[in-house]
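> Input structure: final_17.cif, which contains mmCIF, C-alpha atoms.
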```cif
data_start
#
loop_
_atom_site.label_atom_id
_atom_site.label_comp_id
_atom_site.auth_asym_id
_atom_site.auth_seq_id
_atom_site.Cartn_x
_atom_site.Cartn_y
_atom_site.Cartn_z
CA MET A 681 50.87 53.43 -33.53
CA ALA A 682 51.50 50.06 -35.13
CA LEU A 683 53.65 49.03 -32.16
CA ALA A 684 50.96 50.19 -29.74
CA ALA A 685 48.33 48.22 -31.59
CA GLN A 686 50.60 45.19 -31.64
CA ALA A 687 51.19 45.53 -27.89
CA LEU A 688 47.48 45.82 -27.20
CA GLY A 689 46.86 42.74 -29.30
CA SER A 690 49.46 40.80 -27.35
CA ILE A 691 47.90 41.84 -24.05
CA ALA A 692 44.45 40.78 -25.25
CA LEU A 693 45.79 37.42 -26.42
CA ALA A 694 47.54 36.85 -23.09
CA ALA A 695 44.38 37.77 -21.19
CA GLY A 696 42.37 35.37 -23.29
CA MET A 697 44.84 32.55 -22.67
CA ALA A 698 44.84 33.30 -18.94
CA GLY A 699 41.06 33.17 -18.88
CA ALA A 700 41.16 29.80 -20.59
CA LEU A 701 43.65 28.28 -18.15
CA PRO A 702 41.25 27.58 -15.25
CA ALA A 703 38.86 25.71 -17.54
CA GLN A 704 41.73 23.70 -19.03
CA ALA A 705 43.09 22.98 -15.56
CA GLN A 706 39.81 21.60 -14.25
CA SER A 707 39.92 17.83 -13.72
CA PRO A 708 37.14 15.70 -15.19
CA TRP A 709 34.45 14.62 -12.74
CA PRO A 710 34.91 12.84 -10.40
CA ASP A 711 38.36 13.66 -9.04
CA LYS A 712 37.56 13.09 -5.34
CA PRO A 713 35.31 10.85 -3.19
CA ILE A 714 31.52 11.15 -3.51
CA LYS A 715 29.18 11.25 -0.52
CA LEU A 716 25.94 9.25 -0.76
CA VAL A 717 23.54 10.46 1.93
CA VAL A 718 20.96 7.99 3.25
CA PRO A 719 18.37 9.75 5.46
CA TYR A 720 17.60 6.55 7.41
CA PRO A 721 19.42 4.38 9.98
CA PRO A 722 21.84 1.61 8.97
CA GLY A 723 20.47 -1.86 8.37
CA GLY A 724 17.26 -1.10 6.49
CA ASN A 725 16.38 -1.56 2.83
CA ALA A 726 17.54 1.93 1.86
CA ASP A 727 20.87 1.47 3.63
CA ASN A 728 21.42 -1.97 2.09
CA THR A 729 20.65 -0.60 -1.36
CA ALA A 730 22.97 2.37 -0.86
CA ARG A 731 25.90 0.20 0.18
CA LEU A 732 25.47 -2.14 -2.78
CA LEU A 733 25.22 0.81 -5.15
CA ALA A 734 28.17 2.66 -3.55
CA THR A 735 30.52 -0.28 -4.05
CA GLN A 736 29.65 -0.72 -7.71
CA LEU A 737 29.43 2.99 -8.50
CA GLY A 738 32.78 3.67 -6.89
CA SER A 739 34.39 0.95 -8.98
CA ARG A 740 32.93 2.33 -12.20
CA LEU A 741 33.75 5.96 -11.46
CA GLY A 742 37.22 5.32 -10.07
CA GLN A 743 36.46 7.16 -6.84
CA GLN A 744 35.24 6.02 -3.44
CA VAL A 745 31.52 6.50 -2.81
CA ILE A 746 30.98 6.94 0.93
CA VAL A 747 27.59 6.12 2.48
CA ASP A 748 26.60 8.79 5.02
CA ASN A 749 23.60 7.84 7.19
CA ARG A 750 21.73 10.91 8.46
CA PRO A 751 18.48 9.60 10.00
CA GLY A 752 15.77 11.69 11.62
CA GLY A 753 12.66 13.65 10.80
CA SER A 754 11.16 10.86 8.67
CA GLY A 755 13.97 11.32 6.17
CA THR A 756 13.81 15.12 6.05
CA ILE A 757 17.11 15.82 7.83
CA GLY A 758 19.28 13.97 5.34
CA ALA A 759 17.28 15.24 2.37
CA ALA A 760 17.66 18.83 3.57
CA ALA A 761 21.43 18.41 3.81
CA VAL A 762 21.63 17.29 0.19
CA ALA A 763 19.27 20.02 -0.99
CA LYS A 764 21.68 22.60 0.45
CA ALA A 765 24.85 20.90 -0.83
CA ALA A 766 26.86 22.25 -3.76
CA PRO A 767 25.43 20.90 -7.04
CA ASP A 768 28.75 19.54 -8.20
CA GLY A 769 28.12 15.80 -8.28
CA TYR A 770 29.96 15.08 -5.02
CA THR A 771 26.89 14.86 -2.77
CA LEU A 772 24.03 12.54 -3.71
CA LEU A 773 20.86 11.32 -1.99
CA LEU A 774 19.44 7.82 -1.85
CA ASP A 775 15.87 8.28 -0.68
CA ALA A 776 12.78 6.13 -0.41
CA THR A 777 8.98 6.26 -0.33
CA ALA A 778 9.00 9.03 2.29
CA PHE A 779 10.38 11.44 -0.32
CA THR A 780 6.96 11.50 -2.01
CA VAL A 781 4.98 11.32 1.24
CA ASN A 782 6.63 14.03 3.34
CA PRO A 783 5.40 16.99 1.23
CA SER A 784 1.86 16.16 2.35
CA LEU A 785 2.64 14.94 5.87
CA PHE A 786 4.49 18.06 7.00
CA ALA A 787 3.08 21.57 6.92
CA LYS A 788 6.54 22.88 6.05
CA LEU A 789 9.73 21.22 4.84
CA PRO A 790 13.25 22.69 4.90
CA TYR A 791 13.47 22.07 1.14
CA GLN A 792 11.24 21.91 -1.92
CA PRO A 793 11.25 18.34 -3.28
CA ALA A 794 10.09 19.30 -6.78
CA LYS A 795 12.63 22.10 -7.17
CA ASP A 796 15.67 21.21 -5.09
CA PHE A 797 16.45 17.75 -6.50
CA ALA A 798 17.27 16.15 -9.84
CA PRO A 799 15.93 12.56 -10.03
CA ILE A 800 18.51 10.18 -11.50
CA SER A 801 17.08 6.64 -11.35
CA LEU A 802 14.54 4.46 -9.57
CA ILE A 803 16.83 1.70 -8.31
CA ASN A 804 14.52 -0.93 -6.84
CA GLN A 805 11.16 -1.52 -5.26
CA VAL A 806 9.46 -4.07 -3.05
CA PRO A 807 5.72 -4.77 -2.77
CA LEU A 808 3.83 -5.24 0.48
CA LEU A 809 1.77 -8.18 1.68
CA LEU A 810 -1.57 -7.80 3.42
CA VAL A 811 -1.07 -10.27 6.26
CA VAL A 812 -3.13 -11.63 9.15
CA PRO A 813 -2.33 -14.12 11.95
CA ALA A 814 -2.03 -17.71 10.75
CA ASN A 815 -5.06 -18.76 12.82
CA SER A 816 -7.23 -15.87 11.64
CA ALA A 817 -10.68 -16.60 10.26
CA LEU A 818 -9.87 -14.24 7.37
CA HIS A 819 -8.67 -15.87 4.14
CA THR A 820 -9.28 -13.18 1.51
CA VAL A 821 -9.38 -9.40 1.17
CA ALA A 822 -13.16 -9.72 0.80
CA ASP A 823 -13.26 -11.49 4.18
CA LEU A 824 -11.36 -8.59 5.76
CA SER A 825 -13.65 -6.01 4.16
CA ARG A 826 -16.75 -7.81 5.40
CA ALA A 827 -15.28 -8.08 8.90
CA ALA A 828 -14.38 -4.38 8.85
CA GLN A 829 -17.88 -3.40 7.75
CA ALA A 830 -19.42 -5.58 10.46
CA ALA A 831 -17.11 -4.02 13.07
CA GLN A 832 -18.01 -0.43 12.23
CA ALA A 833 -20.71 -0.48 14.89
CA ALA A 834 -18.04 -1.35 17.46
CA PRO A 835 -15.06 1.00 16.97
CA GLY A 836 -11.75 -0.57 17.91
CA LYS A 837 -12.93 -4.12 17.39
CA LEU A 838 -10.84 -4.59 14.22
CA SER A 839 -7.32 -3.16 14.14
CA TYR A 840 -4.31 -2.95 11.87
CA ALA A 841 -0.67 -2.43 12.78
CA SER A 842 2.04 -0.34 11.15
CA ALA A 843 5.68 0.53 11.77
CA GLY A 844 4.65 4.10 12.58
CA ASN A 845 2.50 7.04 11.53
CA GLY A 846 2.91 8.18 7.95
CA GLY A 847 4.97 5.23 6.72
CA ALA A 848 4.24 3.10 3.66
CA GLN A 849 2.48 0.46 5.79
CA HIS A 850 0.16 3.04 7.36
CA LEU A 851 -0.59 4.69 4.02
CA ALA A 852 -1.23 1.38 2.26
CA ALA A 853 -3.85 0.58 4.90
CA GLU A 854 -5.41 4.03 4.50
CA LEU A 855 -5.53 3.53 0.73
CA TYR A 856 -7.24 0.17 1.31
CA LYS A 857 -9.75 1.67 3.76
CA GLN A 858 -10.64 4.44 1.34
CA GLY A 859 -10.98 2.05 -1.61
CA ALA A 860 -13.01 -0.55 0.29
CA LYS A 861 -14.96 2.11 2.21
CA VAL A 862 -14.29 0.48 5.57
CA GLU A 863 -12.92 1.56 8.94
CA MET A 864 -10.25 -0.11 11.06
CA THR A 865 -8.34 1.14 14.09
CA HIS A 866 -4.71 2.04 13.46
CA ILE A 867 -2.17 0.78 16.00
CA PRO A 868 1.21 2.41 15.23
CA TYR A 869 4.38 0.78 16.56
CA ARG A 870 7.97 1.95 16.86
CA GLY A 871 9.20 -0.14 13.97
CA GLY A 872 8.04 -3.08 11.91
CA ALA A 873 9.50 -5.87 14.06
CA PRO A 874 7.37 -5.26 17.17
CA ALA A 875 4.31 -4.76 14.97
CA LEU A 876 4.84 -8.14 13.29
CA THR A 877 5.44 -9.76 16.68
CA ASP A 878 2.07 -8.56 17.97
CA LEU A 879 0.38 -9.52 14.72
CA ILE A 880 1.72 -13.06 14.99
CA GLY A 881 0.49 -13.13 18.59
CA GLY A 882 -2.98 -11.98 17.60
CA GLN A 883 -2.86 -8.63 19.43
CA VAL A 884 -3.77 -6.91 16.16
CA ASP A 885 -5.82 -8.22 13.24
CA ALA A 886 -3.99 -7.23 10.06
CA MET A 887 -1.02 -5.38 8.62
CA PHE A 888 0.53 -4.30 5.35
CA SER A 889 4.21 -5.24 5.46
CA ALA A 890 6.97 -5.48 2.85
CA THR A 891 7.59 -8.95 1.44
CA THR A 892 11.15 -8.71 2.75
CA ALA A 893 9.88 -8.39 6.33
CA SER A 894 6.69 -10.46 6.48
CA GLY A 895 7.45 -12.98 3.73
CA PRO A 896 9.54 -15.32 5.91
CA PHE A 897 6.75 -15.46 8.52
CA VAL A 898 4.20 -16.30 5.82
CA LYS A 899 6.40 -19.05 4.42
CA GLY A 900 7.12 -20.23 7.96
CA GLY A 901 3.41 -20.61 8.72
CA LYS A 902 3.19 -17.86 11.37
CA LEU A 903 1.24 -15.42 9.18
CA ARG A 904 -1.27 -15.74 6.33
CA ALA A 905 -1.01 -13.48 3.29
CA LEU A 906 -4.29 -12.33 1.74
CA ALA A 907 -2.91 -10.32 -1.19
CA ILE A 908 0.12 -8.51 -2.56
CA THR A 909 0.22 -4.80 -3.38
CA SER A 910 2.13 -4.94 -6.67
CA ALA A 911 0.33 -4.13 -9.93
CA GLN A 912 0.85 -7.70 -11.19
CA ARG A 913 1.47 -10.96 -9.41
CA SER A 914 5.01 -11.00 -8.13
CA GLU A 915 7.83 -13.47 -8.63
CA GLY A 916 7.91 -15.85 -5.71
CA TRP A 917 4.29 -15.03 -4.88
CA GLU A 918 2.59 -16.17 -8.07
CA GLN A 919 -0.27 -17.91 -6.23
CA LEU A 920 -1.14 -14.78 -4.27
CA PRO A 921 -3.69 -12.39 -5.83
CA THR A 922 -2.99 -8.69 -6.11
CA MET A 923 -5.09 -6.15 -4.26
CA ALA A 924 -6.48 -5.09 -7.64
CA GLU A 925 -7.51 -8.67 -8.39
CA SER A 926 -9.13 -8.73 -4.96
CA GLY A 927 -11.56 -5.97 -5.88
CA LEU A 928 -9.58 -2.72 -5.41
CA ALA A 929 -9.01 -1.52 -8.97
CA GLY A 930 -5.77 0.40 -9.51
CA PHE A 931 -4.40 -0.43 -6.06
CA GLU A 932 -0.60 -0.46 -6.15
CA VAL A 933 1.88 0.26 -3.36
CA ASN A 934 5.60 -0.41 -3.41
CA GLU A 935 8.34 0.65 -1.07
CA TRP A 936 11.17 1.95 -3.26
CA ASN A 937 14.66 3.43 -3.35
CA GLY A 938 15.91 6.00 -5.82
CA LEU A 939 18.95 8.17 -6.51
CA PHE A 940 18.83 11.98 -6.54
CA ALA A 941 21.29 14.85 -6.93
CA PRO A 942 20.92 18.49 -5.93
CA ALA A 943 19.14 20.56 -8.57
CA GLY A 944 21.62 22.41 -10.75
CA THR A 945 24.10 19.53 -10.97
CA PRO A 946 25.76 19.74 -14.42
CA PRO A 947 23.87 17.70 -17.05
CA PRO A 948 26.96 15.65 -18.08
CA VAL A 949 27.37 14.54 -14.45
CA LEU A 950 23.68 13.61 -14.17
CA GLN A 951 23.85 11.69 -17.46
CA ARG A 952 26.92 9.78 -16.32
CA LEU A 953 25.30 8.91 -12.98
CA GLU A 954 22.12 7.77 -14.72
CA ALA A 955 23.99 5.58 -17.20
CA GLU A 956 26.22 3.99 -14.57
CA THR A 957 23.36 3.39 -12.14
CA ARG A 958 21.20 1.75 -14.79
CA ALA A 959 24.10 -0.46 -15.89
CA ILE A 960 24.77 -1.47 -12.28
CA VAL A 961 21.13 -2.39 -11.60
CA ALA A 962 20.93 -4.38 -14.85
CA SER A 963 24.10 -6.35 -14.12
CA PRO A 964 23.69 -10.05 -13.25
CA GLU A 965 25.62 -9.50 -10.01
CA MET A 966 23.24 -6.79 -8.77
CA GLN A 967 20.15 -8.63 -9.93
CA LYS A 968 21.32 -11.66 -7.95
CA ARG A 969 21.92 -9.56 -4.82
CA PHE A 970 18.52 -7.88 -5.12
CA ALA A 971 16.87 -11.29 -5.51
CA GLU A 972 18.64 -12.49 -2.36
CA LEU A 973 17.30 -9.43 -0.52
CA GLY A 974 13.81 -9.95 -1.94
CA VAL A 975 13.65 -6.65 -3.83
CA GLN A 976 12.94 -6.00 -7.51
CA GLY A 977 15.64 -4.19 -9.47
CA VAL A 978 14.33 -1.40 -11.73
CA GLY A 979 17.10 0.94 -12.93
CA SER A 980 14.79 3.44 -14.64
CA SER A 981 15.73 6.43 -16.76
CA ALA A 982 15.86 9.85 -15.12
CA GLN A 983 12.79 10.94 -17.06
CA ALA A 984 10.79 7.88 -16.00
CA PHE A 985 11.88 8.34 -12.38
CA SER A 986 10.86 12.00 -12.44
CA SER A 987 7.40 11.03 -13.71
CA PHE A 988 7.17 8.30 -11.07
CA VAL A 989 8.03 10.75 -8.27
CA GLN A 990 5.39 13.21 -9.49
CA ALA A 991 2.71 10.50 -9.70
CA GLU A 992 3.53 9.05 -6.26
CA THR A 993 3.53 12.52 -4.68
CA ALA A 994 0.09 13.25 -6.12
CA LYS A 995 -1.30 9.84 -5.08
CA TRP A 996 -0.16 10.10 -1.48
CA ALA A 997 -1.30 13.71 -1.26
CA GLY A 998 -4.84 12.52 -1.99
CA VAL A 999 -4.68 9.66 0.52
CA ILE A 1000 -3.23 11.86 3.26
CA ARG A 1001 -5.72 14.66 2.64
CA ALA A 1002 -8.65 12.23 2.85
CA SER A 1003 -7.33 10.54 6.00
CA GLY A 1004 -6.28 13.71 7.80
CA ILE A 1005 -2.84 12.33 8.77
CA ARG A 1006 -0.37 14.98 9.95
CA MET A 1007 3.13 14.79 11.39
CA ASP A 1008 3.38 18.31 12.81
#
```
In structure tokens, what does this structure look like?

Amino acid sequence: MALAAQALGSIALAAGMAGALPAQAQSPWPDKPIKLVVPYPPGGNADNTARLLATQLGSRLGQQVIVDNRPGGSGTIGAAAVAKAAPDGYTLLLDATAFTVNPSLFAKLPYQPAKDFAPISLINQVPLLLVVPANSALHTVADLSRAAQAAQAAPGKLSYASAGNGGAQHLAAELYKQGAKVEMTHIPYRGGAPALTDLIGGQVDAMFSATTASGPFVKGGKLRALAITSAQRSEGWEQLPTMAESGLAGFEVNEWNGLFAPAGTPPPVLQRLEAETRAIVASPEMQKRFAELGVQGVGSSAQAFSSFVQAETAKWAGVIRASGIRMD
């Protein structure tokens, strides 16, 4: 009996050791390349941010971070791919303003933004300028509002351009219209460049456009900026009033880029990604590169980014509901 008991004990010990082996054999994360999905085409602000982050993050983690552009569906195709990916820290998402807009623009999404993603950090943001042609008779936001009110009896007389339906430029204008209680005709373009070209030529009357896109035309004398959409006056644009200072209390719109992981990613992995991302954004090298691109580095905590995403989603839901914008 004693031998039998001893044998059983040995078997149990061996089984316990065997069960422990897989855990001991697991390599610490990361032990292979990481994919960073960008749901937009190459060359834009999100893509530029992703490539800067990937280089630095790969160096810090000791593994290559590969940028994978998956454009289409206003950002929904790439986001859906990450939502369905294994939550193991090897597939990440760098998304932008559309992440908080799409839940209200589309009747149905192939993922649930609030449930399928873990926010890691708000990386950067860039305010918009309210711009008009350089020879326009409008010099202030109040001038534009008065012109819009006077034009209400003649629909189509006053127009604003955007890079397309449902984008940050379109929504900023809708937020302005709702706050100022005015009407203007929306002229959507296939991208920001042709919209700015027609604005410079006087084919449209006004436009909200990121400082990175319209700023050079303002400084070059081809456009006039009436206000900036940041909460406070922005570096490099100190003489330009904010929209809030121009009579629209609480008005704030920024295009932004942030890092997400699939929901269910192990907390230690999320914490490491958050810490490394924040350190990268705070580094003098990255701050210099962001300044050269005209964007503002943020590097928020995961908790602050989560709160930001919730607030932005709620804000744009109200604007979209009031304006009746739909994408499908």
> Pick from A:Ala814, A:Ala853, A:Ala943, A:Val821: nearest to A:Gln792, with all atoms listed in the file counted?
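For A:Gln792, the nearest of the candidates is A:Ala943.
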> Can you work out which one of A:Pro964, A:Ala997, A:Leu773, A:His866 has the shortest atom-to-atom distance to A:Phe786, counting all atoms listed in the file?
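Smallest distance to A:Phe786 is found for A:Ala997.
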> Separation of atom CA of A:Glu925 and atom CA of A:Tyr856, in Å?
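Distance between the two atoms: 13.1 Å.
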> Just the residues within 12 Å of stretch 833-841 of chain A, please, counting all atoms listed in the file, with nothing from its chain fewer than 6 positions along; format it as a PDB file with C-alpha atoms, in the frame of the given file.

```pdb
ATOM      1  CA  LEU A 810      -1.570  -7.800   3.420  1.00  0.00           C
ATOM      2  CA  VAL A 811      -1.070 -10.270   6.260  1.00  0.00           C
ATOM      3  CA  VAL A 812      -3.130 -11.630   9.150  1.00  0.00           C
ATOM      4  CA  PRO A 813      -2.330 -14.120  11.950  1.00  0.00           C
ATOM      5  CA  LEU A 818      -9.870 -14.240   7.370  1.00  0.00           C
ATOM      6  CA  LEU A 824     -11.360  -8.590   5.760  1.00  0.00           C
ATOM      7  CA  SER A 825     -13.650  -6.010   4.160  1.00  0.00           C
ATOM      8  CA  ARG A 826     -16.750  -7.810   5.400  1.00  0.00           C
ATOM      9  CA  ALA A 827     -15.280  -8.080   8.900  1.00  0.00           C
ATOM     10  CA  GLY A 847       4.970   5.230   6.720  1.00  0.00           C
ATOM     11  CA  ALA A 848       4.240   3.100   3.660  1.00  0.00           C
ATOM     12  CA  GLN A 849       2.480   0.460   5.790  1.00  0.00           C
ATOM     13  CA  HIS A 850       0.160   3.040   7.360  1.00  0.00           C
ATOM     14  CA  LEU A 851      -0.590   4.690   4.020  1.00  0.00           C
ATOM     15  CA  ALA A 852      -1.230   1.380   2.260  1.00  0.00           C
ATOM     16  CA  ALA A 853      -3.850   0.580   4.900  1.00  0.00           C
ATOM     17  CA  GLU A 854      -5.410   4.030   4.500  1.00  0.00           C
ATOM     18  CA  TYR A 856      -7.240   0.170   1.310  1.00  0.00           C
ATOM     19  CA  LYS A 857      -9.750   1.670   3.760  1.00  0.00           C
ATOM     20  CA  VAL A 862     -14.290   0.480   5.570  1.00  0.00           C
ATOM     21  CA  GLU A 863     -12.920   1.560   8.940  1.00  0.00           C
ATOM     22  CA  MET A 864     -10.250  -0.110  11.060  1.00  0.00           C
ATOM     23  CA  THR A 865      -8.340   1.140  14.090  1.00  0.00           C
ATOM     24  CA  HIS A 866      -4.710   2.040  13.460  1.00  0.00           C
ATOM     25  CA  ILE A 867      -2.170   0.780  16.000  1.00  0.00           C
ATOM     26  CA  PRO A 868       1.210   2.410  15.230  1.00  0.00           C
ATOM     27  CA  TYR A 869       4.380   0.780  16.560  1.00  0.00           C
ATOM     28  CA  ARG A 870       7.970   1.950  16.860  1.00  0.00           C
ATOM     29  CA  GLY A 871       9.200  -0.140  13.970  1.00  0.00           C
ATOM     30  CA  GLY A 872       8.040  -3.080  11.910  1.00  0.00           C
ATOM     31  CA  ALA A 873       9.500  -5.870  14.060  1.00  0.00           C
ATOM     32  CA  PRO A 874       7.370  -5.260  17.170  1.00  0.00           C
ATOM     33  CA  ALA A 875       4.310  -4.760  14.970  1.00  0.00           C
ATOM     34  CA  LEU A 876       4.840  -8.140  13.290  1.00  0.00           C
ATOM     35  CA  THR A 877       5.440  -9.760  16.680  1.00  0.00           C
ATOM     36  CA  ASP A 878       2.070  -8.560  17.970  1.00  0.00           C
ATOM     37  CA  LEU A 879       0.380  -9.520  14.720  1.00  0.00           C
ATOM     38  CA  ILE A 880       1.720 -13.060  14.990  1.00  0.00           C
ATOM     39  CA  GLY A 882      -2.980 -11.980  17.600  1.00  0.00           C
ATOM     40  CA  GLN A 883      -2.860  -8.630  19.430  1.00  0.00           C
ATOM     41  CA  VAL A 884      -3.770  -6.910  16.160  1.00  0.00           C
ATOM     42  CA  ASP A 885      -5.820  -8.220  13.240  1.00  0.00           C
ATOM     43  CA  ALA A 886      -3.990  -7.230  10.060  1.00  0.00           C
ATOM     44  CA  MET A 887      -1.020  -5.380   8.620  1.00  0.00           C
ATOM     45  CA  PHE A 888       0.530  -4.300   5.350  1.00  0.00           C
ATOM     46  CA  SER A 889       4.210  -5.240   5.460  1.00  0.00           C
TER      47      SER A 889
END
```
> Which residues fall under the PyMOL selection byres ((chain A and resi 784) around 12) in this file, as a ChimeraX atom specification?
/A:778-783,785-789,792-793,846,851,992-1008
> Would you kindly translate the PyMOL selection byres ((chain A and resi 741-749) around 12) into the concrete residues it picks from this file, as a PyMOL selection string?
chain A and resi 708-724+726-740+750-752+755+757-759+761-762+769-775+949+952-953+955-957+960
> Please produce a file of those selected residues containing C-alpha atoms, as an mmCIF file, in the frame of the given file.

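Result went into out-v3.cif, see below:
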```cif
data_model
loop_
_atom_site.group_PDB
_atom_site.id
_atom_site.type_symbol
_atom_site.label_atom_id
_atom_site.label_comp_id
_atom_site.auth_asym_id
_atom_site.auth_seq_id
_atom_site.Cartn_x
_atom_site.Cartn_y
_atom_site.Cartn_z
ATOM 1 C CA PRO A 708 37.140 15.700 -15.190
ATOM 2 C CA TRP A 709 34.450 14.620 -12.740
ATOM 3 C CA PRO A 710 34.910 12.840 -10.400
ATOM 4 C CA ASP A 711 38.360 13.660 -9.040
ATOM 5 C CA LYS A 712 37.560 13.090 -5.340
ATOM 6 C CA PRO A 713 35.310 10.850 -3.190
ATOM 7 C CA ILE A 714 31.520 11.150 -3.510
ATOM 8 C CA LYS A 715 29.180 11.250 -0.520
ATOM 9 C CA LEU A 716 25.940 9.250 -0.760
ATOM 10 C CA VAL A 717 23.540 10.460 1.930
ATOM 11 C CA VAL A 718 20.960 7.990 3.250
ATOM 12 C CA PRO A 719 18.370 9.750 5.460
ATOM 13 C CA TYR A 720 17.600 6.550 7.410
ATOM 14 C CA PRO A 721 19.420 4.380 9.980
ATOM 15 C CA PRO A 722 21.840 1.610 8.970
ATOM 16 C CA GLY A 723 20.470 -1.860 8.370
ATOM 17 C CA GLY A 724 17.260 -1.100 6.490
ATOM 18 C CA ALA A 726 17.540 1.930 1.860
ATOM 19 C CA ASP A 727 20.870 1.470 3.630
ATOM 20 C CA ASN A 728 21.420 -1.970 2.090
ATOM 21 C CA THR A 729 20.650 -0.600 -1.360
ATOM 22 C CA ALA A 730 22.970 2.370 -0.860
ATOM 23 C CA ARG A 731 25.900 0.200 0.180
ATOM 24 C CA LEU A 732 25.470 -2.140 -2.780
ATOM 25 C CA LEU A 733 25.220 0.810 -5.150
ATOM 26 C CA ALA A 734 28.170 2.660 -3.550
ATOM 27 C CA THR A 735 30.520 -0.280 -4.050
ATOM 28 C CA GLN A 736 29.650 -0.720 -7.710
ATOM 29 C CA LEU A 737 29.430 2.990 -8.500
ATOM 30 C CA GLY A 738 32.780 3.670 -6.890
ATOM 31 C CA SER A 739 34.390 0.950 -8.980
ATOM 32 C CA ARG A 740 32.930 2.330 -12.200
ATOM 33 C CA ARG A 750 21.730 10.910 8.460
ATOM 34 C CA PRO A 751 18.480 9.600 10.000
ATOM 35 C CA GLY A 752 15.770 11.690 11.620
ATOM 36 C CA GLY A 755 13.970 11.320 6.170
ATOM 37 C CA ILE A 757 17.110 15.820 7.830
ATOM 38 C CA GLY A 758 19.280 13.970 5.340
ATOM 39 C CA ALA A 759 17.280 15.240 2.370
ATOM 40 C CA ALA A 761 21.430 18.410 3.810
ATOM 41 C CA VAL A 762 21.630 17.290 0.190
ATOM 42 C CA GLY A 769 28.120 15.800 -8.280
ATOM 43 C CA TYR A 770 29.960 15.080 -5.020
ATOM 44 C CA THR A 771 26.890 14.860 -2.770
ATOM 45 C CA LEU A 772 24.030 12.540 -3.710
ATOM 46 C CA LEU A 773 20.860 11.320 -1.990
ATOM 47 C CA LEU A 774 19.440 7.820 -1.850
ATOM 48 C CA ASP A 775 15.870 8.280 -0.680
ATOM 49 C CA VAL A 949 27.370 14.540 -14.450
ATOM 50 C CA ARG A 952 26.920 9.780 -16.320
ATOM 51 C CA LEU A 953 25.300 8.910 -12.980
ATOM 52 C CA ALA A 955 23.990 5.580 -17.200
ATOM 53 C CA GLU A 956 26.220 3.990 -14.570
ATOM 54 C CA THR A 957 23.360 3.390 -12.140
ATOM 55 C CA ILE A 960 24.770 -1.470 -12.280
#
```
> So which one's closest to A:Leu973, A:Val806, A:Leu855, A:Leu950, A:Leu903? Using all atoms listed in the file, please.
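Selected residue with least distance to A:Leu973: A:Val806.
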> Have a look at atom CA of A:Phe797 and atom CA of A:Ala763 and let me know their distance in Å, one decimal.
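These atoms are spaced 6.6 Å apart.
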> So what does the PyMOL selection byres ((chain A and resi 803) around 12) actually pick up in this one, as JSON, numbers by chain?
{"A": [725, 726, 728, 729, 730, 732, 733, 774, 775, 776, 799, 800, 801, 802, 804, 805, 806, 935, 936, 937, 938, 939, 940, 954, 956, 957, 958, 959, 960, 961, 962, 966, 967, 970, 975, 976, 977, 978, 979, 980, 981, 982, 984, 985]}
> Find the distance between atom CA of A:Ser914 and atom CA of A:Gln829 and write it in Å to one decimal.
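Calculated distance between atom CA of A:Ser914 and atom CA of A:Gln829 is 28.9 Å.
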> Which residue, A:Thr820, A:Asn934, A:Gln983, A:Ser894, has the smallest gap to A:Thr909 when you use all atoms listed in the file?
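Smallest distance to A:Thr909 is found for A:Asn934.
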> Point out the residue among A:Ala890, A:Ala830, A:Ala817, A:Leu928 with the least atom-to-atom distance to A:Ala860, counting only C-alpha atoms.
A:Leu928
> Using only C-alpha atoms, which residue out of A:Leu809, A:Ala794, A:Val898, A:Ala893 lies closest to A:Gly974?
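Ranking A:Leu809, A:Ala794, A:Val898, A:Ala893 by distance to A:Gly974, first place goes to A:Ala893.
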> Is it possible to produce a file of stretch 984-990 of chain A from this structure, with N, CA, C and O atoms, as a JSON list (two decimals), in the first residue's frame?

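Written file, part-v4.json:
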```json
[["chain", "number", "residue", "atom", "x", "y", "z"],
["A", 984, "ALA", "N", -6.98, 58.05, -19.74],
["A", 984, "ALA", "CA", -7.36, 59.35, -20.31],
["A", 984, "ALA", "C", -7.81, 59.18, -21.76],
["A", 984, "ALA", "O", -8.77, 59.83, -22.20],
["A", 985, "PHE", "N", -7.15, 58.30, -22.50],
["A", 985, "PHE", "CA", -7.54, 58.07, -23.90],
["A", 985, "PHE", "C", -8.92, 57.42, -23.97],
["A", 985, "PHE", "O", -9.73, 57.77, -24.83],
["A", 986, "SER", "N", -9.18, 56.49, -23.08],
["A", 986, "SER", "CA", -10.51, 55.85, -23.06],
["A", 986, "SER", "C", -11.60, 56.88, -22.81],
["A", 986, "SER", "O", -12.64, 56.88, -23.48],
["A", 987, "SER", "N", -11.37, 57.79, -21.86],
["A", 987, "SER", "CA", -12.34, 58.84, -21.57],
["A", 987, "SER", "C", -12.50, 59.78, -22.76],
["A", 987, "SER", "O", -13.62, 60.22, -23.08],
["A", 988, "PHE", "N", -11.40, 60.08, -23.42],
["A", 988, "PHE", "CA", -11.43, 60.94, -24.61],
["A", 988, "PHE", "C", -12.27, 60.31, -25.70],
["A", 988, "PHE", "O", -13.12, 60.98, -26.32],
["A", 989, "VAL", "N", -12.07, 59.02, -25.96],
["A", 989, "VAL", "CA", -12.81, 58.32, -27.01],
["A", 989, "VAL", "C", -14.30, 58.33, -26.70],
["A", 989, "VAL", "O", -15.14, 58.58, -27.58],
["A", 990, "GLN", "N", -14.66, 58.11, -25.45],
["A", 990, "GLN", "CA", -16.07, 58.12, -25.06],
["A", 990, "GLN", "C", -16.69, 59.50, -25.27],
["A", 990, "GLN", "O", -17.81, 59.62, -25.78]]
```
